[in-house]
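Working notes for the structure below.
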Amino acid sequence: MKRGLIVILSFILLLPIYHASEISTLEADGDIGYRQVGLIWSTDSPTEEGTIFEIWISNETIIETANATKHSQVMVGNVSGISQPVMGEWYDDCQYNFGDTEWIPVHRDLDGTAVVPPGTIGVNCTLTGIPSGTEIHLAVLLVNPSNESILSPSISSSSTSSDEEIIVIETSPYIFAIGSIALSIMILLFMLRWMDYREGRTTSRFAHIYIAPAILALSVLTFYPVLYGIWLSFTNADQSHLGDQSFIGIENFITVISTSGFFRVTGFTLLWSVVNVAAHIGFGLLLAMALNSDDLRGRSAYRTALLLPWAIPSYISVLVWRGLYEPAGALNDFLGTDLNLLADPNGARIVVILVNIWLGIPFMMMSISGALQALPKDMYEAAEVDGINKFSRFFYLTLPNLKSALVPLSLLGFIWTFNMFNVIYLMTDGGPNLDFDGPGSTDILITYVYDVAFRDGSYGVAAAWSVVIFLMLVVFSWTYMKKTNATEAVT
């Protein structure tokens, strides 16, 4: 009996004793960036899955978390299948190691929380949003899988780095170019005026002076930026060395064609444009016909009400529609559902198209209504006397006579819709499914170019995209005018 008891006690003593991890070292560095503080800590043993590191900051020594604010946290868990973004994209950029000197960027789960694998010993985080020149206190609360919380000693630090100096771009070349354009235009107009007056083609000495302000404004505000943008498309201009770019040929255009999702975003842009323009013209024509009916009373009131979507600033209307489609919006309250259409690629595409159709119908309605009122009344009276029904009058009289208005309206509508930025940007910002190297599910060409230029800072590539868009619209406009005889219809 005693021998058995001794064996059991010996076995228990030989079992490994569970030891919860604790913070063994904690260091801070306030000289890594403007309003940033670096925080490095390590544990006395490899961490287990389920462990949580919480970073707390305060203006006074942290004895307990009640007098502090949680800045961010790092979780220990399974990292397989979790994205691992590059450093510099998060307000709490962190790295980890296994007790050696090799630092590895943390993984990020769906809500952006930093995740490190089990066995992690060291963590190195760059904390942003720290007041510059103000002493702060930092501590790390380690929560073990057993929910045991251990608060590290508090240390103090401050962000000592000054703000980066703004790089002043040399503007002399641009001022010289604009001045040269203005001077050339004035000399050209003066020579044309002198030649016309000398040869007797005009009796006014000041004819060219009258048009000089418009020509000068177009040259400086339109022609020069367009030409400059075309030149940028052949350079390596980006936010790091704008003004010091160099010529690289068609490399940017190769980047455009090889971009992930190029054909997808181009296809959706065409679908977006065609569906919107067809709906604008179709519904606009139906409403214009109804409002021009002699049997309709209160036409002025109807016109005013139907014109409101176009009269209200579009960004206000779009934000209202976005609120209606949110999970907690009026649509779900009315239907008693829990739809999140803006988070679904197909649902988001349908929503943005419907919103833009709603915004564009009033303009087409009023434009077509004006064209209808200009049609001769005696033409319809003669047709009615001859016994021609309403449908035949519409197809054989109204539509042919409206061609001179519908053709340019549809062309302008296509160009406007092709470059309609605010609806996509305010409704979905191009999402969902925003990729790091490609367009989102609802991105059209113009919204993706914005991301390339002002989020990625690739001005040369963005300029190449702009040239591609311009060429697409030129080809479409030329083909459309040839196929529909638009010029002849207008004349």
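Chain identifiers are assigned as A, B, and so on, following the order in which chains appear in the structure tokens; residues are numbered from 1 within each chain, and ligands are numbered from 1 in order of appearance.
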* Using DSSP on the backbone coordinates, identify the residues of segment 185-280 of chain A assigned to helix (DSSP H, G or I); present them as a ChimeraX atom specification. => /A:185-199,207-232,251-258,262-280
Could you write out the selected residues, including C-alpha atoms, as an mmCIF file, in the first residue's frame?
data_model
loop_
_atom_site.group_PDB
_atom_site.id
_atom_site.type_symbol
_atom_site.label_atom_id
_atom_site.label_comp_id
_atom_site.auth_asym_id
_atom_site.auth_seq_id
_atom_site.Cartn_x
_atom_site.Cartn_y
_atom_site.Cartn_z
ATOM 1 C CA ILE A 185 -2.895 82.411 -77.871
ATOM 2 C CA MET A 186 -2.827 86.189 -77.693
ATOM 3 C CA ILE A 187 -0.248 86.443 -80.506
ATOM 4 C CA LEU A 188 -2.227 83.978 -82.631
ATOM 5 C CA LEU A 189 -5.502 85.873 -82.152
ATOM 6 C CA PHE A 190 -3.798 89.182 -82.909
ATOM 7 C CA MET A 191 -2.360 87.788 -86.170
ATOM 8 C CA LEU A 192 -5.724 86.301 -87.208
ATOM 9 C CA ARG A 193 -7.483 89.595 -86.500
ATOM 10 C CA TRP A 194 -4.921 91.518 -88.524
ATOM 11 C CA MET A 195 -5.152 89.091 -91.474
ATOM 12 C CA ASP A 196 -8.980 89.065 -91.488
ATOM 13 C CA TYR A 197 -9.156 92.857 -91.285
ATOM 14 C CA ARG A 198 -6.535 93.308 -93.985
ATOM 15 C CA GLU A 199 -8.287 90.936 -96.417
ATOM 16 C CA ALA A 207 -13.832 90.453 -83.224
ATOM 17 C CA HIS A 208 -10.970 88.201 -82.069
ATOM 18 C CA ILE A 209 -10.514 90.165 -78.874
ATOM 19 C CA TYR A 210 -14.097 89.333 -77.914
ATOM 20 C CA ILE A 211 -13.441 85.599 -78.066
ATOM 21 C CA ALA A 212 -9.944 85.820 -76.548
ATOM 22 C CA PRO A 213 -11.035 85.311 -72.898
ATOM 23 C CA ALA A 214 -12.939 82.103 -73.743
ATOM 24 C CA ILE A 215 -10.118 80.715 -75.891
ATOM 25 C CA LEU A 216 -7.558 81.610 -73.234
ATOM 26 C CA ALA A 217 -9.607 79.997 -70.431
ATOM 27 C CA LEU A 218 -10.124 76.811 -72.448
ATOM 28 C CA SER A 219 -6.426 76.618 -73.272
ATOM 29 C CA VAL A 220 -5.223 77.100 -69.696
ATOM 30 C CA LEU A 221 -7.962 75.229 -67.812
ATOM 31 C CA THR A 222 -8.756 72.430 -70.287
ATOM 32 C CA PHE A 223 -6.262 71.890 -73.090
ATOM 33 C CA TYR A 224 -3.113 72.259 -71.008
ATOM 34 C CA PRO A 225 -4.221 69.875 -68.187
ATOM 35 C CA VAL A 226 -5.302 67.302 -70.795
ATOM 36 C CA LEU A 227 -1.979 67.468 -72.608
ATOM 37 C CA TYR A 228 -0.082 67.403 -69.309
ATOM 38 C CA GLY A 229 -2.064 64.334 -68.224
ATOM 39 C CA ILE A 230 -1.221 62.572 -71.489
ATOM 40 C CA TRP A 231 2.446 63.337 -70.926
ATOM 41 C CA LEU A 232 2.256 62.042 -67.338
ATOM 42 C CA GLU A 251 5.068 50.798 -69.391
ATOM 43 C CA ASN A 252 2.083 52.375 -67.605
ATOM 44 C CA PHE A 253 -0.283 51.231 -70.353
ATOM 45 C CA ILE A 254 1.050 47.689 -70.026
ATOM 46 C CA THR A 255 0.335 47.952 -66.297
ATOM 47 C CA VAL A 256 -3.222 49.065 -67.062
ATOM 48 C CA ILE A 257 -3.921 46.152 -69.419
ATOM 49 C CA SER A 258 -2.345 43.606 -67.057
ATOM 50 C CA PHE A 262 -9.237 45.157 -65.977
ATOM 51 C CA PHE A 263 -11.825 43.428 -68.158
ATOM 52 C CA ARG A 264 -14.193 43.013 -65.207
ATOM 53 C CA VAL A 265 -14.238 46.719 -64.337
ATOM 54 C CA THR A 266 -14.466 47.669 -68.023
ATOM 55 C CA GLY A 267 -17.371 45.273 -68.521
ATOM 56 C CA PHE A 268 -19.249 46.587 -65.501
ATOM 57 C CA THR A 269 -18.634 50.183 -66.645
ATOM 58 C CA LEU A 270 -20.218 49.395 -70.012
ATOM 59 C CA LEU A 271 -23.124 47.571 -68.358
ATOM 60 C CA TRP A 272 -23.566 50.456 -65.909
ATOM 61 C CA SER A 273 -23.603 53.016 -68.737
ATOM 62 C CA VAL A 274 -25.883 51.160 -71.153
ATOM 63 C CA VAL A 275 -28.486 50.179 -68.539
ATOM 64 C CA ASN A 276 -28.586 53.663 -67.030
ATOM 65 C CA VAL A 277 -28.836 55.514 -70.344
ATOM 66 C CA ALA A 278 -31.524 53.133 -71.654
ATOM 67 C CA ALA A 279 -33.558 53.630 -68.469
ATOM 68 C CA HIS A 280 -33.032 57.397 -68.486
#
* Near segment 99-113 of chain A, within 6 Å and counting only C-alpha atoms, which residues show up once chain neighbours fewer than 4 positions away are dropped, as a list of chain:residue names? ->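 Skipping anything fewer than 4 positions along the chain leaves A:Ile82, A:Ser83, A:Gln84, A:Cys94, A:Gln95, A:Ile121.
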Output C-alpha atoms for every residue in that selection, as an mmCIF file, in the first residue's frame.
data_model
loop_
_atom_site.group_PDB
_atom_site.id
_atom_site.type_symbol
_atom_site.label_atom_id
_atom_site.label_comp_id
_atom_site.auth_asym_id
_atom_site.auth_seq_id
_atom_site.Cartn_x
_atom_site.Cartn_y
_atom_site.Cartn_z
ATOM 1 C CA ILE A 82 -5.737 34.625 -42.475
ATOM 2 C CA SER A 83 -4.356 37.483 -44.559
ATOM 3 C CA GLN A 84 -0.995 38.974 -43.709
ATOM 4 C CA CYS A 94 2.777 44.889 -35.280
ATOM 5 C CA GLN A 95 5.344 42.149 -35.790
ATOM 6 C CA ILE A 121 7.403 35.184 -27.485
#
* Run DSSP on the backbone and grab whatever in segment 45-288 of chain A lands in strand (DSSP E or B); send it over as an MDAnalysis selection string. => chainID A and resid 52:58 69:76 83 92:97 104:105 107:108 114:116 122:128 132 136:143 149:151 155:157 159 235 247
Write a file of the selected residues as an mmCIF file, in the first residue's frame, keeping C-alpha atoms.
data_model
loop_
_atom_site.group_PDB
_atom_site.id
_atom_site.type_symbol
_atom_site.label_atom_id
_atom_site.label_comp_id
_atom_site.auth_asym_id
_atom_site.auth_seq_id
_atom_site.Cartn_x
_atom_site.Cartn_y
_atom_site.Cartn_z
ATOM 1 C CA ILE A 52 -4.649 38.037 -25.618
ATOM 2 C CA PHE A 53 -2.314 41.021 -25.343
ATOM 3 C CA GLU A 54 -4.133 44.304 -24.660
ATOM 4 C CA ILE A 55 -2.184 47.574 -25.031
ATOM 5 C CA TRP A 56 -3.338 50.290 -22.613
ATOM 6 C CA ILE A 57 -2.284 53.959 -22.552
ATOM 7 C CA SER A 58 -2.871 56.721 -19.996
ATOM 8 C CA THR A 69 -7.630 53.573 -22.481
ATOM 9 C CA LYS A 70 -7.170 50.459 -24.595
ATOM 10 C CA HIS A 71 -5.290 51.328 -27.767
ATOM 11 C CA SER A 72 -5.296 47.951 -29.518
ATOM 12 C CA GLN A 73 -4.861 44.244 -28.929
ATOM 13 C CA VAL A 74 -3.050 41.208 -30.308
ATOM 14 C CA MET A 75 -4.554 37.728 -30.157
ATOM 15 C CA VAL A 76 -2.741 34.375 -30.181
ATOM 16 C CA SER A 83 -4.356 37.483 -44.559
ATOM 17 C CA ASP A 92 -1.188 49.459 -34.863
ATOM 18 C CA ASP A 93 1.412 47.900 -37.146
ATOM 19 C CA CYS A 94 2.777 44.889 -35.280
ATOM 20 C CA GLN A 95 5.344 42.149 -35.790
ATOM 21 C CA TYR A 96 6.146 39.015 -33.808
ATOM 22 C CA ASN A 97 8.961 36.509 -33.310
ATOM 23 C CA ILE A 104 7.329 38.667 -38.964
ATOM 24 C CA PRO A 105 4.288 40.898 -39.759
ATOM 25 C CA HIS A 107 -1.921 38.396 -39.528
ATOM 26 C CA ARG A 108 -5.301 40.158 -39.594
ATOM 27 C CA ALA A 114 -3.887 41.396 -35.128
ATOM 28 C CA VAL A 115 -3.364 37.629 -34.767
ATOM 29 C CA VAL A 116 -0.071 35.835 -34.026
ATOM 30 C CA GLY A 122 8.146 38.704 -28.724
ATOM 31 C CA VAL A 123 5.790 41.366 -30.129
ATOM 32 C CA ASN A 124 6.807 44.706 -31.625
ATOM 33 C CA CYS A 125 4.077 47.298 -32.318
ATOM 34 C CA THR A 126 4.097 50.816 -33.731
ATOM 35 C CA LEU A 127 1.282 52.737 -32.050
ATOM 36 C CA THR A 128 -0.099 55.782 -33.863
ATOM 37 C CA SER A 132 3.420 64.688 -29.883
ATOM 38 C CA ILE A 136 2.201 58.976 -21.837
ATOM 39 C CA HIS A 137 2.233 55.745 -19.865
ATOM 40 C CA LEU A 138 1.875 52.345 -21.460
ATOM 41 C CA ALA A 139 1.223 48.855 -20.131
ATOM 42 C CA VAL A 140 0.326 45.468 -21.585
ATOM 43 C CA LEU A 141 -2.434 43.376 -20.051
ATOM 44 C CA LEU A 142 -1.848 39.675 -20.731
ATOM 45 C CA VAL A 143 -5.018 37.568 -20.597
ATOM 46 C CA SER A 149 -5.208 38.695 -16.309
ATOM 47 C CA ILE A 150 -1.686 39.886 -15.584
ATOM 48 C CA LEU A 151 -0.874 43.598 -15.993
ATOM 49 C CA ILE A 155 6.432 52.544 -18.538
ATOM 50 C CA SER A 156 6.431 56.098 -19.866
ATOM 51 C CA SER A 157 7.386 57.497 -23.248
ATOM 52 C CA SER A 159 6.580 60.931 -29.370
ATOM 53 C CA THR A 235 6.270 58.833 -67.003
ATOM 54 C CA PHE A 247 9.951 59.071 -69.295
#
* **9 Å contact set for segment 437-453 of chain A, only C-alpha atoms, chain neighbours under 5 positions out, as JSON, numbers by chain** => {"A": [238, 239, 259, 260, 261, 262, 264, 265, 266, 267, 268, 269, 270, 272, 344, 345, 346, 348, 349, 352, 418, 419, 420, 421, 422, 424, 425, 428, 429, 430, 431, 432, 458, 459, 460, 461, 462, 463, 465, 466, 469]}
Could you take the residues named above and write them with C-alpha atoms, as a short mmCIF file (atom, residue, chain, number, x, y, z; two decimals), in the first residue's frame?
data_model
loop_
_atom_site.label_atom_id
_atom_site.label_comp_id
_atom_site.auth_asym_id
_atom_site.auth_seq_id
_atom_site.Cartn_x
_atom_site.Cartn_y
_atom_site.Cartn_z
CA ASP A 238 4.00 59.06 -58.21
CA GLN A 239 3.57 60.73 -54.85
CA THR A 259 -4.17 44.88 -63.97
CA SER A 260 -6.17 42.24 -62.16
CA GLY A 261 -9.82 42.85 -62.99
CA PHE A 262 -9.24 45.16 -65.98
CA ARG A 264 -14.19 43.01 -65.21
CA VAL A 265 -14.24 46.72 -64.34
CA THR A 266 -14.47 47.67 -68.02
CA GLY A 267 -17.37 45.27 -68.52
CA PHE A 268 -19.25 46.59 -65.50
CA THR A 269 -18.63 50.18 -66.65
CA LEU A 270 -20.22 49.40 -70.01
CA TRP A 272 -23.57 50.46 -65.91
CA ASP A 344 -23.18 41.60 -51.54
CA PRO A 345 -21.46 42.16 -54.92
CA ASN A 346 -24.54 41.55 -57.08
CA ALA A 348 -24.52 46.36 -54.53
CA ARG A 349 -24.36 46.55 -58.33
CA VAL A 352 -26.03 51.66 -57.44
CA PHE A 418 -19.50 56.51 -68.02
CA ASN A 419 -17.71 59.05 -65.81
CA MET A 420 -20.31 59.21 -63.01
CA PHE A 421 -18.07 59.27 -59.94
CA ASN A 422 -20.16 60.44 -57.00
CA ILE A 424 -20.34 54.81 -56.79
CA TYR A 425 -17.99 56.63 -54.43
CA THR A 428 -20.12 51.73 -51.94
CA ASP A 429 -16.69 53.34 -52.46
CA GLY A 430 -16.17 50.67 -55.12
CA GLY A 431 -16.79 47.78 -52.72
CA PRO A 432 -17.48 45.19 -51.61
CA SER A 458 0.55 56.16 -58.77
CA TYR A 459 -0.08 59.29 -60.81
CA GLY A 460 1.55 58.00 -63.98
CA VAL A 461 -0.53 54.81 -63.99
CA ALA A 462 -3.68 56.82 -63.18
CA ALA A 463 -2.93 59.15 -66.10
CA TRP A 465 -5.99 54.88 -67.16
CA SER A 466 -7.41 58.32 -67.96
CA ILE A 469 -10.93 56.02 -70.78
#
* Find, counting only C-alpha atoms, the residue in A:Ile350, A:Ala328, A:Ala311, A:Leu402 that gets nearest to Gln373 of chain A. =>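 Checking each candidate against Gln373 of chain A, we get A:Leu402 as the closest.
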* Excluding same-chain residues fewer than 6 positions from Phe394 of chain A, what lies within 12 Å of it counting only C-alpha atoms, as a PyMOL selection string? -> chain A and resi 285-286+289+372+379-380+383-384+388+400-402
* Asked: Quick one: residues within 10 Å of Pro46 of chain A, only C-alpha atoms counted, chain neighbours fewer than 6 positions away excluded, as a list in words?
  ->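 The residues satisfying every condition are Ala20, Ser21, Glu22, Phe98, Gly99, Pro118, Gly119, Thr120, Ile121 and Gly122 of chain A.
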Using the selection just defined, write its residues with N, CA and C atoms as a PDB file, in the first residue's frame.
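Here's the written file selection02.pdb:
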ATOM      1  N   ALA A  20       1.607  29.796 -16.474  1.00  0.00           N
ATOM      2  CA  ALA A  20       1.014  30.813 -17.326  1.00  0.00           C
ATOM      3  C   ALA A  20       2.083  31.818 -17.749  1.00  0.00           C
ATOM      4  N   SER A  21       2.011  32.260 -19.014  1.00  0.00           N
ATOM      5  CA  SER A  21       2.985  33.223 -19.525  1.00  0.00           C
ATOM      6  C   SER A  21       2.802  34.564 -18.840  1.00  0.00           C
ATOM      7  N   GLU A  22       3.900  35.273 -18.680  1.00  0.00           N
ATOM      8  CA  GLU A  22       3.887  36.614 -18.117  1.00  0.00           C
ATOM      9  C   GLU A  22       4.783  37.512 -18.961  1.00  0.00           C
ATOM     10  N   PHE A  98       9.619  34.365 -32.466  1.00  0.00           N
ATOM     11  CA  PHE A  98       9.575  33.183 -31.594  1.00  0.00           C
ATOM     12  C   PHE A  98      10.767  33.149 -30.647  1.00  0.00           C
ATOM     13  N   GLY A  99      11.229  34.315 -30.259  1.00  0.00           N
ATOM     14  CA  GLY A  99      12.363  34.393 -29.355  1.00  0.00           C
ATOM     15  C   GLY A  99      13.668  34.633 -30.062  1.00  0.00           C
ATOM     16  N   PRO A 118       0.479  30.525 -32.035  1.00  0.00           N
ATOM     17  CA  PRO A 118       0.953  30.015 -30.742  1.00  0.00           C
ATOM     18  C   PRO A 118       2.467  29.815 -30.773  1.00  0.00           C
ATOM     19  N   GLY A 119       3.086  30.013 -29.626  1.00  0.00           N
ATOM     20  CA  GLY A 119       4.540  29.923 -29.537  1.00  0.00           C
ATOM     21  C   GLY A 119       5.227  31.258 -29.646  1.00  0.00           C
ATOM     22  N   THR A 120       4.458  32.318 -29.928  1.00  0.00           N
ATOM     23  CA  THR A 120       5.040  33.656 -30.022  1.00  0.00           C
ATOM     24  C   THR A 120       5.604  34.075 -28.680  1.00  0.00           C
ATOM     25  N   ILE A 121       6.761  34.698 -28.716  1.00  0.00           N
ATOM     26  CA  ILE A 121       7.403  35.184 -27.485  1.00  0.00           C
ATOM     27  C   ILE A 121       7.528  36.704 -27.506  1.00  0.00           C
ATOM     28  N   GLY A 122       7.946  37.267 -28.645  1.00  0.00           N
ATOM     29  CA  GLY A 122       8.146  38.704 -28.724  1.00  0.00           C
ATOM     30  C   GLY A 122       7.156  39.372 -29.660  1.00  0.00           C
TER      31      GLY A 122
END
* To do: Could you tell me which of A:Ile316, A:Ala301, A:Leu473, A:Ala464 comes closest to Ser233 of chain A if we count only C-alpha atoms?
  =>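 So, comparing all the options, the nearest one is A:Ala464.
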